[in-house]
Amino acid sequence: MISAALTVPAMAQTTAPEQDPRRARAGAKVTGEMNPEERSGPSGDEERVHEAFQPKGIELGEFLLLPKIEFDETYNSNLHAVESGGRSDFVTTIRPEVKLRSRFKEHAINLSALAEQYVHRRFTKDNRLDLQLDVDGRYDFTSETQANYFGQVFSRHEERGSPDDARGLEPTPTQGFVNRGSIKHQFGRFTVVGEGGLDRRTYGNVMTALGSTVRNDDRDRWEMLVRGRGSYEMFPGYAAVTELTANRRLYDSSLDRNGYDRSSHGYRVESGIGLDLSKLIRGDFLVGYLAQDYRDPRFHDPKGLSLRATFNWTPTTLTIVVPSLERSVNETTISRSSSMVRNALSLTVRHELERNIVLSGYTAVFYDEFQGVDDQNAWTYEARGRITYAFTPEFFVGSEIGHRQKRSQAVGASFKQSIVTLRAGLQL
């Protein structure tokens with residue numbers, strides 16, 4: 001969900017399974033939503049209940065096995081996210097998941113596997129199965145030097161209403177993998193991090209209502225990135241930060257369906273302030289410059305302000321507030337447009353009402369600028385509210401209500417969509 005767009009965590013964070021992230025020594029864990037077109041499942045720190053209601057797991061030596069299954073029933077007011085004539089449907093989701101977590105004194109390795117089966121009552125062509133396998137690990141050379149790795153293999157489908165939705169009879173399938181590796185070293189007040197990434201993304205063809213085929217193989221690509229980060233702790237809890245990221249995006253097809261060469265390379269340079277005030281607030285505020293250079297000379301190359309800010313504010317031990325702001329360059333298949341520059345502002349709030357009751361809310365605004373064209377820009381507004389109620393560590397229920405609205409300059413691309421979900425889960 002990133003090269004320049006956030007689709008997966010840049011580096012996995014490992015937390016002992018019996019430890020609530022809000023009570024970890026390093027303070028609250030930074031929590032963020034994935035790209036709304038690529039998120040998978042409702043699970044996350046914003047739904048974690050108190051430690052007393054966390055599953056105990058199955059002990060396997062120095063590992064802990066955590067099996068889980070969720071059942072959702074969702075009403076969607078506009079399943080295909082269309083501007084007019086939208087039709088509703090009920091969707092049943094079965095979501096088995098298993099996690100294997102290490103409990104070493106040093107180092108860490110964690111595995112997780114997730115499957116999501118979507119079954120529609122009316123529009124059965126939208127039935128789909130999404131799969132995801134994650135692995136993350138940490139190797140502690142010394143107390144000052146660590147190596148981290150995050151990997152993911154996925155097979156999922158693009159959400160209806162995404163900027164590149166082909167409007168097919170079935171959602172567009174996409175497969176691939178993500179790799180992130182980094183080394184972090186701290187000496188005195190200085191901390192340096194070097195990171196590398198290699199991603200692969202492929203897309204399947206879909207049929208339209210008119211019987212034609214939309215070929216998506218011209219979207220298949222490799223994405224590579226290298227990132228360097230340096231920080232200097234000016235005084236406890238406050239650090240000056242500089243970060244440089246370079247990326248390269250190579251498409252399998254030299255020309256896409258419209259005759260454009262979409263391969264490119266780019267960079268972003270940012271500086272700012274990093275905060276780590278124990279359990280109160282953690283995060284970054286970085287400002288700088290970004291640019292992406294496309295091979296095709298007919299394309300408009302995006303460049304200009306680069307902005308990233310994400311904070312975890314923990315005003316009490318029961319509440320986490322996470323504002324996030326980012327400007328990034330995303331790929332697109334819109335004809336004549338080189339890319340989509342996304343300006344994203346979001347706010348996640350999590351509150352532990354009782355030890356077994358968690359309330360969470362998420363609201364976001366996205367402004368998408370399609371480079372080189374003037375009639376595709378769009379505003380997207382989204383809001384969701386959730387409640388999770390744990391009867392026991394093994395059984396919980398929940399519900400969610402959400403609304404999404406897109407206002408696009410493109411004809412027929414605007415829509416409104418509301419959802420209501422009831423959820424039940426079992427875990428060990």
# chains A, B, ... in the order shown; residues from 1 in each chain; ligands from 1
>>> residues_around(residues="Gly176 in chain A", least_positions_apart="2", cutoff="8 Å", atoms="only C-alpha atoms", output="number ranges by chain")
A: 153-155, 174, 178, 199-202
>>> select_by_dssp(residues="range 31-191 of chain A", states="helix (DSSP H, G or I)", output="JSON list (two decimals) with N, CA and C atoms, in the first residue's frame")
[["chain", "number", "residue", "atom", "x", "y", "z"],
["A", 45, "ASP", "N", -4.05, -2.38, 15.76],
["A", 45, "ASP", "CA", -3.89, -1.98, 17.15],
["A", 45, "ASP", "C", -5.09, -1.20, 17.66],
["A", 46, "GLU", "N", -5.80, -0.51, 16.75],
["A", 46, "GLU", "CA", -6.93, 0.29, 17.20],
["A", 46, "GLU", "C", -8.06, -0.56, 17.73],
["A", 47, "GLU", "N", -8.01, -1.90, 17.55],
["A", 47, "GLU", "CA", -9.06, -2.78, 18.04],
["A", 47, "GLU", "C", -8.61, -3.63, 19.22],
["A", 51, "GLU", "N", -5.06, -6.29, 28.07],
["A", 51, "GLU", "CA", -4.28, -7.52, 28.12],
["A", 51, "GLU", "C", -5.06, -8.68, 28.71],
["A", 52, "ALA", "N", -5.92, -8.40, 29.69],
["A", 52, "ALA", "CA", -6.68, -9.46, 30.35],
["A", 52, "ALA", "C", -7.62, -10.17, 29.38],
["A", 53, "PHE", "N", -7.99, -9.51, 28.28],
["A", 53, "PHE", "CA", -8.90, -10.10, 27.30],
["A", 53, "PHE", "C", -8.19, -10.46, 26.00],
["A", 124, "THR", "N", -23.04, -12.16, -7.25],
["A", 124, "THR", "CA", -22.10, -13.25, -6.97],
["A", 124, "THR", "C", -20.80, -13.13, -7.78],
["A", 125, "LYS", "N", -20.82, -12.37, -8.88],
["A", 125, "LYS", "CA", -19.57, -12.19, -9.63],
["A", 125, "LYS", "C", -18.54, -11.39, -8.84],
["A", 126, "ASP", "N", -18.98, -10.72, -7.78],
["A", 126, "ASP", "CA", -18.05, -10.00, -6.92],
["A", 126, "ASP", "C", -17.48, -10.88, -5.82]]
>>> atom_distance(atom1="CA of Ser346 in chain A", atom2="CA of Ser324 in chain A")
5.2 Å
>>> closest_residue(among="A:Ile183, A:Ala115, A:Leu65, A:Leu305", to="Gly137 in chain A", atoms="only C-alpha atoms")
A:Ile183
>>> residues_around(residues="Arg342 in chain A", least_positions_apart="3", cutoff="10 Å", atoms="only C-alpha atoms", output="ChimeraX atom specification")
/A:4-5,326-330,339,345,366-370,377-379
>>> closest_atom_pairs(of="range 105-191 of chain A", to="range 393-416 of chain A", cutoff="10 Å", atoms="only C-alpha atoms", output="tab-separated table")
residue	atom	partner	partner_atom	distance
A:Gly161	CA	A:Ala413	CA	7.8
A:Ser162	CA	A:Ala413	CA	9.5
A:Pro163	CA	A:Ala413	CA	8.5
A:Asp165	CA	A:Ala413	CA	9.9
>>> residues_around(residues="Leu290 in chain A", least_positions_apart="5", cutoff="6 Å", atoms="only C-alpha atoms", output="PyMOL selection string")
chain A and resi 267-268+303-304+306
